[in-house]
Structure formats: C-alpha cells, structure tokens
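Dropping entry.txt in here (compact mmCIF, C-alpha atoms and all ligand atoms):
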```txt
# COMPACT_ATOMS: atom_id res chain seq x y z
CA MET N 1 137.89 25.18 131.49
CA PHE N 2 135.21 22.97 133.03
CA LYS N 3 133.66 25.96 134.88
CA PHE N 4 133.71 27.97 131.68
CA SER N 5 131.89 25.18 129.77
CA VAL N 6 129.21 24.91 132.49
CA ARG N 7 128.67 28.70 132.42
CA LEU N 8 128.50 28.64 128.62
CA ILE N 9 125.88 25.88 128.61
CA LYS N 10 123.82 27.68 131.28
CA GLY N 11 124.05 30.89 129.30
CA LEU N 12 122.95 29.16 126.10
CA MET N 13 119.99 27.60 127.92
CA GLN N 14 118.91 31.01 129.23
CA VAL N 15 119.16 32.56 125.77
CA THR N 16 117.14 29.67 124.29
CA ALA N 17 114.45 30.06 126.97
CA TRP N 18 114.33 33.83 126.33
CA LEU N 19 114.11 33.32 122.56
CA GLN N 20 111.24 30.86 122.98
CA GLU N 21 109.22 33.53 124.74
CA GLN N 22 109.66 36.12 121.94
CA PRO N 23 106.43 36.42 119.90
CA VAL N 24 108.23 36.99 116.58
CA LEU N 25 110.32 33.87 116.93
CA THR N 26 107.51 31.64 118.22
CA ASN N 27 105.34 32.82 115.36
CA LEU N 28 108.10 32.02 112.87
CA LEU N 29 108.75 28.59 114.41
CA TYR N 30 105.04 27.84 114.35
CA ARG N 31 104.85 28.72 110.64
CA ILE N 32 107.92 26.65 109.75
CA SER N 33 107.38 23.51 111.76
CA GLY N 34 103.94 23.43 113.44
CA PRO N 35 102.79 23.69 117.04
CA ALA N 36 105.21 21.24 118.71
CA SER N 37 108.27 23.51 118.43
CA TYR N 38 106.22 26.59 119.21
CA LEU N 39 105.17 25.34 122.63
CA PRO N 40 107.41 26.34 125.55
CA SER N 41 109.61 23.49 126.70
CA ARG N 42 108.96 24.10 130.40
CA ASP N 43 106.17 22.01 131.96
CA LEU N 44 103.05 23.80 133.07
CA THR N 45 102.05 23.13 136.65
CA VAL N 46 98.31 22.74 137.06
CA THR N 47 96.66 22.48 140.43
CA TRP N 48 93.21 21.03 140.78
CA PRO N 49 91.35 22.64 143.67
CA ARG N 50 88.17 20.73 144.41
CA ALA N 51 84.96 22.37 143.24
CA GLU N 52 82.63 23.63 145.96
CA GLU N 53 80.03 21.02 145.26
CA HIS N 54 77.10 22.38 147.20
CA LYS N 55 77.47 26.15 147.07
CA ASP N 56 74.74 27.74 144.98
CA PHE N 57 76.49 30.48 142.97
CA SER N 58 73.28 31.99 141.64
CA LEU N 59 72.36 33.60 144.97
CA PRO N 60 73.08 37.34 145.44
CA ASN N 61 76.54 38.24 146.72
CA SER N 62 78.22 41.50 147.70
CA SER N 63 79.54 42.10 144.16
CA TRP N 64 76.03 42.38 142.70
CA SER N 65 74.99 45.88 141.63
CA GLN N 66 71.67 47.38 142.67
CA SER N 67 70.24 46.88 139.17
CA MET N 68 71.27 43.21 139.26
CA ARG N 69 69.47 42.84 142.60
CA ASN N 70 66.37 44.67 141.34
CA LEU N 71 66.04 42.31 138.36
CA TYR N 72 66.70 39.31 140.61
CA ASN N 73 63.93 40.47 143.01
CA LYS N 74 61.55 40.97 140.09
CA TYR N 75 61.99 37.37 138.91
CA MET N 76 61.92 36.02 142.48
CA GLU N 77 58.48 37.66 142.88
CA LEU N 78 57.35 36.08 139.61
CA SER N 79 58.71 32.75 140.92
CA GLN N 80 56.49 33.04 143.97
CA GLN N 81 53.50 33.37 141.64
CA GLY N 82 54.54 30.06 140.07
CA SER N 83 55.43 30.99 136.48
CA TRP N 84 59.23 31.05 136.85
CA ILE N 85 61.69 28.98 138.86
CA ARG N 86 65.17 30.03 139.89
CA LEU N 87 67.69 27.36 138.88
CA PRO N 88 70.52 26.62 141.30
CA SER N 89 74.03 26.91 139.87
CA TYR N 90 77.09 24.98 141.03
CA ASN N 91 80.69 25.39 139.94
CA ALA N 92 81.00 21.85 138.59
CA THR N 93 78.76 20.70 135.75
CA VAL N 94 78.42 17.22 137.16
CA THR N 95 76.97 18.46 140.48
CA HIS N 96 73.84 19.64 138.66
CA PHE N 97 73.09 16.08 137.69
CA THR N 98 74.21 14.18 140.79
CA GLU N 99 72.49 16.28 143.45
CA GLN N 100 70.06 13.48 144.28
CA CYS N 101 72.69 10.69 144.17
CA PRO N 102 73.88 8.97 147.33
CA ASN N 103 77.39 10.16 148.27
CA SER N 104 78.92 6.79 147.34
CA ALA N 105 77.71 7.16 143.72
CA LYS N 106 79.09 10.68 143.27
CA PRO N 107 82.19 11.10 141.14
CA GLN N 108 85.06 13.10 142.59
CA VAL N 109 84.66 16.62 141.26
CA THR N 110 87.89 18.15 140.03
CA THR N 111 86.64 20.01 136.94
CA ARG N 112 84.97 23.42 136.89
CA LEU N 113 82.06 24.81 134.91
CA PHE N 114 83.60 27.45 132.62
CA THR N 115 81.23 30.22 133.75
CA ARG N 116 81.94 29.51 137.44
CA ASN N 117 85.69 28.99 137.33
CA LEU N 118 86.87 32.01 139.35
CA ASP N 119 87.16 31.88 143.12
CA VAL N 120 86.67 35.60 143.72
CA GLU N 121 83.15 36.99 143.49
CA GLY N 122 82.44 39.67 140.89
CA LEU N 123 85.50 39.24 138.65
CA GLY N 124 84.00 37.02 135.98
CA PHE N 125 80.47 35.87 135.19
CA GLU N 126 77.90 36.78 137.84
CA TYR N 127 74.53 35.42 136.77
CA VAL N 128 71.32 33.73 137.74
CA VAL N 129 68.99 31.81 135.43
CA PHE N 130 65.20 31.50 135.75
CA TYR N 131 63.16 28.99 133.73
CA ASN N 132 59.56 29.25 132.62
CA GLN N 133 58.39 25.74 131.78
CA ALA N 134 55.01 26.67 130.28
CA GLU N 135 56.62 29.12 127.86
CA GLN N 136 59.87 27.14 127.34
CA ARG N 137 61.90 30.24 128.13
CA THR N 138 64.92 31.12 130.22
CA VAL N 139 66.01 34.50 131.51
CA CYS N 140 69.57 35.10 132.64
CA ILE N 141 70.40 38.17 134.69
CA PHE N 142 74.04 38.81 134.01
CA GLN N 143 76.72 41.12 135.38
CA ALA N 144 80.09 40.99 133.61
CA GLY N 145 83.17 41.39 135.77
CA PRO N 146 86.47 43.05 134.82
CA TYR N 147 88.12 39.74 133.84
CA LEU N 148 85.78 39.44 130.85
CA GLU N 149 87.31 42.37 129.00
CA GLY N 150 87.66 42.37 125.21
CA SER N 151 87.94 45.87 123.75
CA HIS N 152 88.93 48.38 126.43
CA GLY N 153 86.20 48.58 129.09
CA LEU N 154 83.83 46.34 127.13
CA ILE N 155 82.86 42.68 127.37
CA HIS N 156 84.67 40.22 125.10
CA GLY N 157 82.50 38.77 122.31
CA GLY N 158 83.47 35.26 123.39
CA ALA N 159 82.13 35.93 126.89
CA ILE N 160 78.87 37.12 125.33
CA ALA N 161 78.73 33.94 123.24
CA THR N 162 79.34 31.92 126.41
CA ILE N 163 76.50 33.45 128.38
CA ILE N 164 74.14 33.01 125.41
CA ASP N 165 75.20 29.38 124.91
CA SER N 166 74.72 28.72 128.63
CA THR N 167 71.30 30.39 128.89
CA ALA N 168 70.12 28.62 125.73
CA GLY N 169 71.75 25.35 126.82
CA ILE N 170 69.91 25.40 130.14
CA CYS N 171 66.64 26.17 128.32
CA ALA N 172 67.23 23.25 125.94
CA ILE N 173 68.25 20.87 128.75
CA CYS N 174 65.19 21.77 130.85
CA THR N 175 62.96 21.30 127.81
CA ALA N 176 64.53 18.31 126.03
CA GLY N 177 67.10 16.63 128.28
CA LYS N 178 70.69 15.93 127.24
CA VAL N 179 71.76 18.15 124.31
CA MET N 180 74.85 19.55 122.61
CA THR N 181 75.22 22.91 120.89
CA ALA N 182 75.36 22.26 117.12
CA ASN N 183 75.16 25.85 115.87
CA LEU N 184 75.40 29.29 117.45
CA ASN N 185 74.82 32.35 115.29
CA ILE N 186 75.35 35.79 116.83
CA ASN N 187 74.82 39.38 115.76
CA TYR N 188 76.56 41.86 118.06
CA ARG N 189 74.40 45.01 117.86
CA SER N 190 75.87 47.26 120.57
CA PRO N 191 78.72 46.79 123.07
CA ILE N 192 78.18 45.86 126.70
CA VAL N 193 80.15 47.88 129.24
CA LEU N 194 82.06 45.91 131.89
CA GLY N 195 80.25 45.95 135.23
CA SER N 196 76.85 46.68 133.73
CA THR N 197 73.84 44.44 134.19
CA ALA N 198 72.21 42.84 131.19
CA GLU N 199 69.27 40.52 130.68
CA VAL N 200 69.54 37.49 128.38
CA GLN N 201 66.13 36.33 127.15
CA CYS N 202 65.96 32.95 125.46
CA ARG N 203 63.09 30.86 124.07
CA VAL N 204 62.51 27.58 122.26
CA ASP N 205 61.19 28.42 118.79
CA LYS N 206 60.58 24.91 117.52
CA ILE N 207 61.52 21.27 118.04
CA GLU N 208 62.00 18.94 115.08
CA ASP N 209 62.89 15.35 116.02
CA ARG N 210 66.22 15.69 117.89
CA LYS N 211 66.74 19.34 116.93
CA ILE N 212 65.83 22.16 119.29
CA PHE N 213 65.86 25.63 117.73
CA LEU N 214 66.15 28.60 120.08
CA SER N 215 66.55 32.35 119.80
CA ALA N 216 68.07 34.76 122.27
CA GLU N 217 68.48 38.48 122.87
CA ILE N 218 70.60 40.45 125.30
CA ARG N 219 69.25 43.84 126.37
CA ASN N 220 70.22 46.37 129.01
CA VAL N 221 68.31 46.52 132.32
CA ASP N 222 65.40 48.65 131.11
CA GLY N 223 65.13 46.73 127.83
CA GLN N 224 65.69 49.84 125.68
CA VAL N 225 69.11 48.89 124.30
CA LEU N 226 69.53 45.76 122.20
CA HIS N 227 73.08 44.44 122.67
CA THR N 228 73.01 41.04 120.98
CA GLU N 229 70.75 38.72 118.98
CA ALA N 230 71.36 35.02 118.44
CA THR N 231 69.88 31.81 117.12
CA ILE N 232 71.03 28.51 118.53
CA LEU N 233 70.55 24.91 117.47
CA PHE N 234 70.90 22.10 120.00
CA VAL N 235 70.80 18.42 119.08
CA GLN N 236 69.62 15.78 121.55
CA VAL N 237 72.31 13.21 122.25
C1 LIG K 1 69.27 22.66 135.22
C2 LIG K 1 70.17 22.81 134.18
C3 LIG K 1 71.60 22.51 134.61
C4 LIG K 1 72.61 22.98 133.62
C5 LIG K 1 74.00 22.55 134.00
C6 LIG K 1 75.03 23.45 133.51
C7 LIG K 1 75.23 23.29 132.01
C8 LIG K 1 75.37 24.60 131.35
C9 LIG K 1 74.90 24.56 129.91
C10 LIG K 1 76.04 24.76 129.02
C11 LIG K 1 75.64 24.44 127.61
C12 LIG K 1 76.87 24.40 126.79
C13 LIG K 1 76.68 23.39 125.68
C14 LIG K 1 77.96 23.27 124.94
O1 LIG K 1 78.79 24.11 124.99
S1 LIG K 1 78.18 21.85 124.02
C15 LIG K 1 79.85 22.04 123.42
C16 LIG K 1 79.91 22.54 122.02
N1 LIG K 1 79.30 21.61 121.11
C17 LIG K 1 79.94 20.53 120.67
O2 LIG K 1 81.06 20.25 121.00
C18 LIG K 1 79.14 19.67 119.75
C19 LIG K 1 79.99 18.94 118.73
N2 LIG K 1 79.13 18.30 117.75
C20 LIG K 1 78.58 17.11 117.99
O3 LIG K 1 78.83 16.48 119.00
C21 LIG K 1 77.63 16.60 116.95
O4 LIG K 1 77.86 17.20 115.70
C22 LIG K 1 76.15 16.81 117.35
C23 LIG K 1 75.85 16.07 118.67
C24 LIG K 1 75.81 18.29 117.50
C25 LIG K 1 75.24 16.23 116.26
O5 LIG K 1 75.71 14.98 115.91
P1 LIG K 1 74.77 13.68 115.80
O6 LIG K 1 75.57 12.61 115.16
O7 LIG K 1 74.15 13.39 117.12
O8 LIG K 1 73.62 14.20 114.88
P2 LIG K 1 73.55 14.19 113.27
O9 LIG K 1 74.81 14.60 112.65
O10 LIG K 1 72.92 12.91 112.88
O11 LIG K 1 72.49 15.38 113.04
C26 LIG K 1 71.20 15.34 113.61
C27 LIG K 1 70.40 16.46 112.95
O12 LIG K 1 70.99 17.72 113.35
C28 LIG K 1 71.43 18.43 112.18
N3 LIG K 1 72.68 19.12 112.50
C29 LIG K 1 73.73 18.64 113.17
N4 LIG K 1 74.69 19.57 113.28
C30 LIG K 1 74.22 20.67 112.68
C31 LIG K 1 74.74 21.95 112.48
N5 LIG K 1 75.94 22.31 112.95
N6 LIG K 1 73.98 22.84 111.83
C32 LIG K 1 72.75 22.51 111.38
N7 LIG K 1 72.19 21.31 111.55
C33 LIG K 1 72.93 20.39 112.18
C34 LIG K 1 71.63 17.38 111.10
O13 LIG K 1 71.52 17.92 109.80
C35 LIG K 1 70.50 16.43 111.43
O14 LIG K 1 69.30 16.99 110.96
P3 LIG K 1 68.31 16.09 110.04
O15 LIG K 1 69.10 15.76 108.82
O16 LIG K 1 67.98 14.87 110.86
O17 LIG K 1 67.12 16.96 109.79
```
Output the structure of this file as structure tokens.
Amino acid sequence: MFKFSVRLIKGLMQVTAWLQEQPVLTNLLYRISGPASYLPSRDLTVTWPRAEEHKDFSLPNSSWSQSMRNLYNKYMELSQQGSWIRLPSYNATVTHFTEQCPNSAKPQVTTRLFTRNLDVEGLGFEYVVFYNQAEQRTVCIFQAGPYLEGSHGLIHGGAIATIIDSTAGICAICTAGKVMTANLNINYRSPIVLGSTAEVQCRVDKIEDRKIFLSAEIRNVDGQVLHTEATILFVQV
C-alpha cells in the first residue's frame, strides 16, 4: 500500500511537470491567473562565467568573411589618415569605462554586453565600430551569425534593432557622454541574409539640451541595397 502511494505521488508529479511544459496549458494558465502559475516550478540554474575583461572583440577573427575584412581594411586605412578611429570592444560593458582604473578600483565583472554574449566566434554578432569625431558619425561593419535568425535564413528584426541601438549609442556616448536610448524608430526596407556583411552608418543630426537626435542606415557591402533606416533619440543622464 505504501509503495503504491509513493508510486502514485511520483506519477502525479511527472504528469504535472509534463502538463506545465505544454504550450496550450501554460497559455491557458497565464490567461486565467497571470505569470506566476505559468512559470515552470523547477529552478533555473544560471552559471556566471567571468567576462574576458581585456580581449578586444572588434579585431578580425577566423569567422570573418572576405567582404567583412575588406570593409575593415578600408576603415583601418582611413584611420591611419586620422579621420576615423577604431573603437575597442569588450564583452562586459563596464570594462569600456574602467580600462584606465587601477585594478583595486575595478568591479568584479560577471555580466556580459548583450552583443558580445556568445563564447564561440561567428555565431552571433560579429562587428567593429569606427568613430569620426569631426563628423560625429559612427560606422559599424557587421556580420550576422546563424544564431541571429528570425525568418528562415534571415536576421531577426530585434537583432537589427540591437546593432542600430549599439552603433547609435556608441556615437551618442562618444559625442555627449552618458546617455540612454529614449526612442528608436525603425523602417525595415529589405531583409538581411544570415552570414552576409552589412554596414551600419550613423550620424548625429542635432543636439538640443540633453537630447541627441541621430539617424542610421544599414546597407549591403557595396551600398546599393538599403536594408534598414532608423532615427534614434538619446537623452543625457
Ligand atoms: C566607447 C564607447 C563604449 C561603448 C560601451 C558599450 C555600450 C554599447 C552601447 C549600447 C547602447 C544601448 C543603450 C540602451 O540600450 S539604453 C536601454 C534602453 N533605454 C532605457 O531603458 C531608457 C528608459 N528611459 C529612461 O530612463 C528615461 O525615460 C530617460 C533617461 C530616457 C529620460 O528621462 P529623464 O527623466 O532623464 O528625462 P525627461 O523625461 O525629463 O526628458 C528629457 C527630454 O527628453 C524628452 N524625452 C524623453 N523621453 C522621450 C521619448 N521617449 N520620446 C521623445 N522625447 C523624449 C522629453 O520630452 C524632454 O524633452 P524637453 O521637454 O526637455 O524638450
């Protein structure tokens, strides 16, 4: 009798766990009683690998296509003439701002910058940003890996929004210091194929008190195809 009861309880627990994973039921539960009962009861285990604080992720790696390298070389040549500078890119946001700090003042880095959160090269965002101070412009050379898929074989619109927000954010930070995105307005004009190289061009249009207005475009490597247009508002904080 005791064994039977134990088996019955175990069985019921398994059925409950299985039911919780069924989309129809979770959807129904969510509608009836809100998110708490919709969430799975099992705890999620999160590990926190330390960020690689000093690796510059904007340097070429073996996943970069030839067209990515060609664009990179073009802007590196322009950098040598003095108009553009290549910005280093770390996988923790805080590292960008504590590079010059003595080690004792550095916080322990356990978080990751969203665009640099994968440990394998080429799967997610591969990019490098150049800044032109005189013209208040940034250019981001961007290759989208297979983990950024939205529609089949194409980049997800959210990934496109992310790379625009980042390119514009860096432009606004370099121009005006600490800022937050207040508004991001995007027109998706033509899809971007996974694995292709694209160029994000961003410029400051005007600054009014604490507000920095920027516009951005994403085009293919030869500039003939317009993929995306955006306007972005950052507010100094
Ligand atoms: C070298 C570089 C290194 C880079 C490191 C890697 C980083 C990568 C970069 C990644 C980058 C990623 C970055 C991210 O992802 S940032 C993450 C996403 N953004 C947020 O979470 C921001 C949330 N919002 C806020 O915190 C506040 O609302 C902010 C700070 C934006 C303004 O609140 P605050 O209390 O401070 O200001 P205020 O309300 O007095 O308004 C001030 C003025 O602004 C106007 N206004 C405000 N909102 C809007 C709006 N939506 N449309 C139009 N206008 C708006 C407002 O009318 C007023 O204008 P006026 O009446 O004075 O004329």
If you take only C-alpha atoms and a cut-off of 10 Å, which residues of segment 180-219 of chain N touch segment 148-151 of chain N, and what are their nearest atom pairs and distances in Å to one decimal, in chain and number order, as a Markdown table?
```
| residue | atom | partner | partner_atom | distance |
| --- | --- | --- | --- | --- |
| N:Pro191 | CA | N:Ser151 | CA | 9.3 |
| N:Val193 | CA | N:Glu149 | CA | 9.0 |
| N:Leu194 | CA | N:Glu149 | CA | 7.0 |
| N:Gly195 | CA | N:Leu148 | CA | 9.6 |
```
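The shortest atom-to-atom distance to Tyr72 of chain N, with all atoms listed in the file taken into account, belongs to N:Thr197 out of N:Thr197, N:Val237, N:Glu217, N:Thr175.
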Using all atoms listed in the file, which residues of chain N come within 7 Å of ligand LIG 1 (chain K), and what is the closest atom pair for each, with the distance in Å to one decimal? Give it as CSV, sorted by chain and residue number.
```
residue,atom,partner,partner_atom,distance
N:Leu87,CA,K:LIG1,C1,6.2
N:Thr93,CA,K:LIG1,C6,5.1
N:His96,CA,K:LIG1,C3,5.4
N:Asp165,CA,K:LIG1,C12,5.6
N:Ser166,CA,K:LIG1,C10,4.2
N:Thr167,CA,K:LIG1,C9,6.9
N:Gly169,CA,K:LIG1,C11,4.1
N:Ile170,CA,K:LIG1,C2,4.8
N:Ile173,CA,K:LIG1,C2,6.1
N:Cys174,CA,K:LIG1,C1,6.0
N:Met180,CA,K:LIG1,S1,4.3
N:Thr181,CA,K:LIG1,N1,4.3
N:Ala182,CA,K:LIG1,C24,4.0
N:Asn183,CA,K:LIG1,N5,4.7
N:Arg210,CA,K:LIG1,C27,6.5
N:Lys211,CA,K:LIG1,O12,5.8
N:Leu233,CA,K:LIG1,C32,6.9
N:Phe234,CA,K:LIG1,C24,6.7
N:Val235,CA,K:LIG1,C24,5.3
N:Gln236,CA,K:LIG1,O7,6.8
N:Val237,CA,K:LIG1,O7,5.5
```
Save the residues we just selected, C-alpha atoms, as a PDB file, keeping the file's coordinate frame?
```
ATOM      1  CA  LEU N  87      67.690  27.360 138.880  1.00  0.00           C
ATOM      2  CA  THR N  93      78.760  20.700 135.750  1.00  0.00           C
ATOM      3  CA  HIS N  96      73.840  19.640 138.660  1.00  0.00           C
ATOM      4  CA  ASP N 165      75.200  29.380 124.910  1.00  0.00           C
ATOM      5  CA  SER N 166      74.720  28.720 128.630  1.00  0.00           C
ATOM      6  CA  THR N 167      71.300  30.390 128.890  1.00  0.00           C
ATOM      7  CA  GLY N 169      71.750  25.350 126.820  1.00  0.00           C
ATOM      8  CA  ILE N 170      69.910  25.400 130.140  1.00  0.00           C
ATOM      9  CA  ILE N 173      68.250  20.870 128.750  1.00  0.00           C
ATOM     10  CA  CYS N 174      65.190  21.770 130.850  1.00  0.00           C
ATOM     11  CA  MET N 180      74.850  19.550 122.610  1.00  0.00           C
ATOM     12  CA  THR N 181      75.220  22.910 120.890  1.00  0.00           C
ATOM     13  CA  ALA N 182      75.360  22.260 117.120  1.00  0.00           C
ATOM     14  CA  ASN N 183      75.160  25.850 115.870  1.00  0.00           C
ATOM     15  CA  ARG N 210      66.220  15.690 117.890  1.00  0.00           C
ATOM     16  CA  LYS N 211      66.740  19.340 116.930  1.00  0.00           C
ATOM     17  CA  LEU N 233      70.550  24.910 117.470  1.00  0.00           C
ATOM     18  CA  PHE N 234      70.900  22.100 120.000  1.00  0.00           C
ATOM     19  CA  VAL N 235      70.800  18.420 119.080  1.00  0.00           C
ATOM     20  CA  GLN N 236      69.620  15.780 121.550  1.00  0.00           C
ATOM     21  CA  VAL N 237      72.310  13.210 122.250  1.00  0.00           C
TER      22      VAL N 237
END
```
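Counting only C-alpha atoms and comparing N:Ile155, N:Met76, N:Ala172, N:Leu123, the residue that lies closest to Ser62 of chain N is N:Leu123.
The spacing separating atom CA of Ser67 of chain N from atom CA of Thr95 of chain N amounts to 29.2 Å.
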Centre, x/y/z edge lengths, axis-aligned box for segment 142-161 of chain N with 6 Å per side, as JSON:
```
{"center_x": 81.5, "center_y": 41.3, "center_z": 129.0, "size_x": 26.9, "size_y": 26.6, "size_z": 25.5}
```
Taking 6 positions as the minimum chain separation for residues in the same chain, which residues sit within 10 Å of Val221 of chain N when counting only C-alpha atoms? Answer as an MDAnalysis selection string. chainID N and resid 67:68 70:71 141:142 196:200
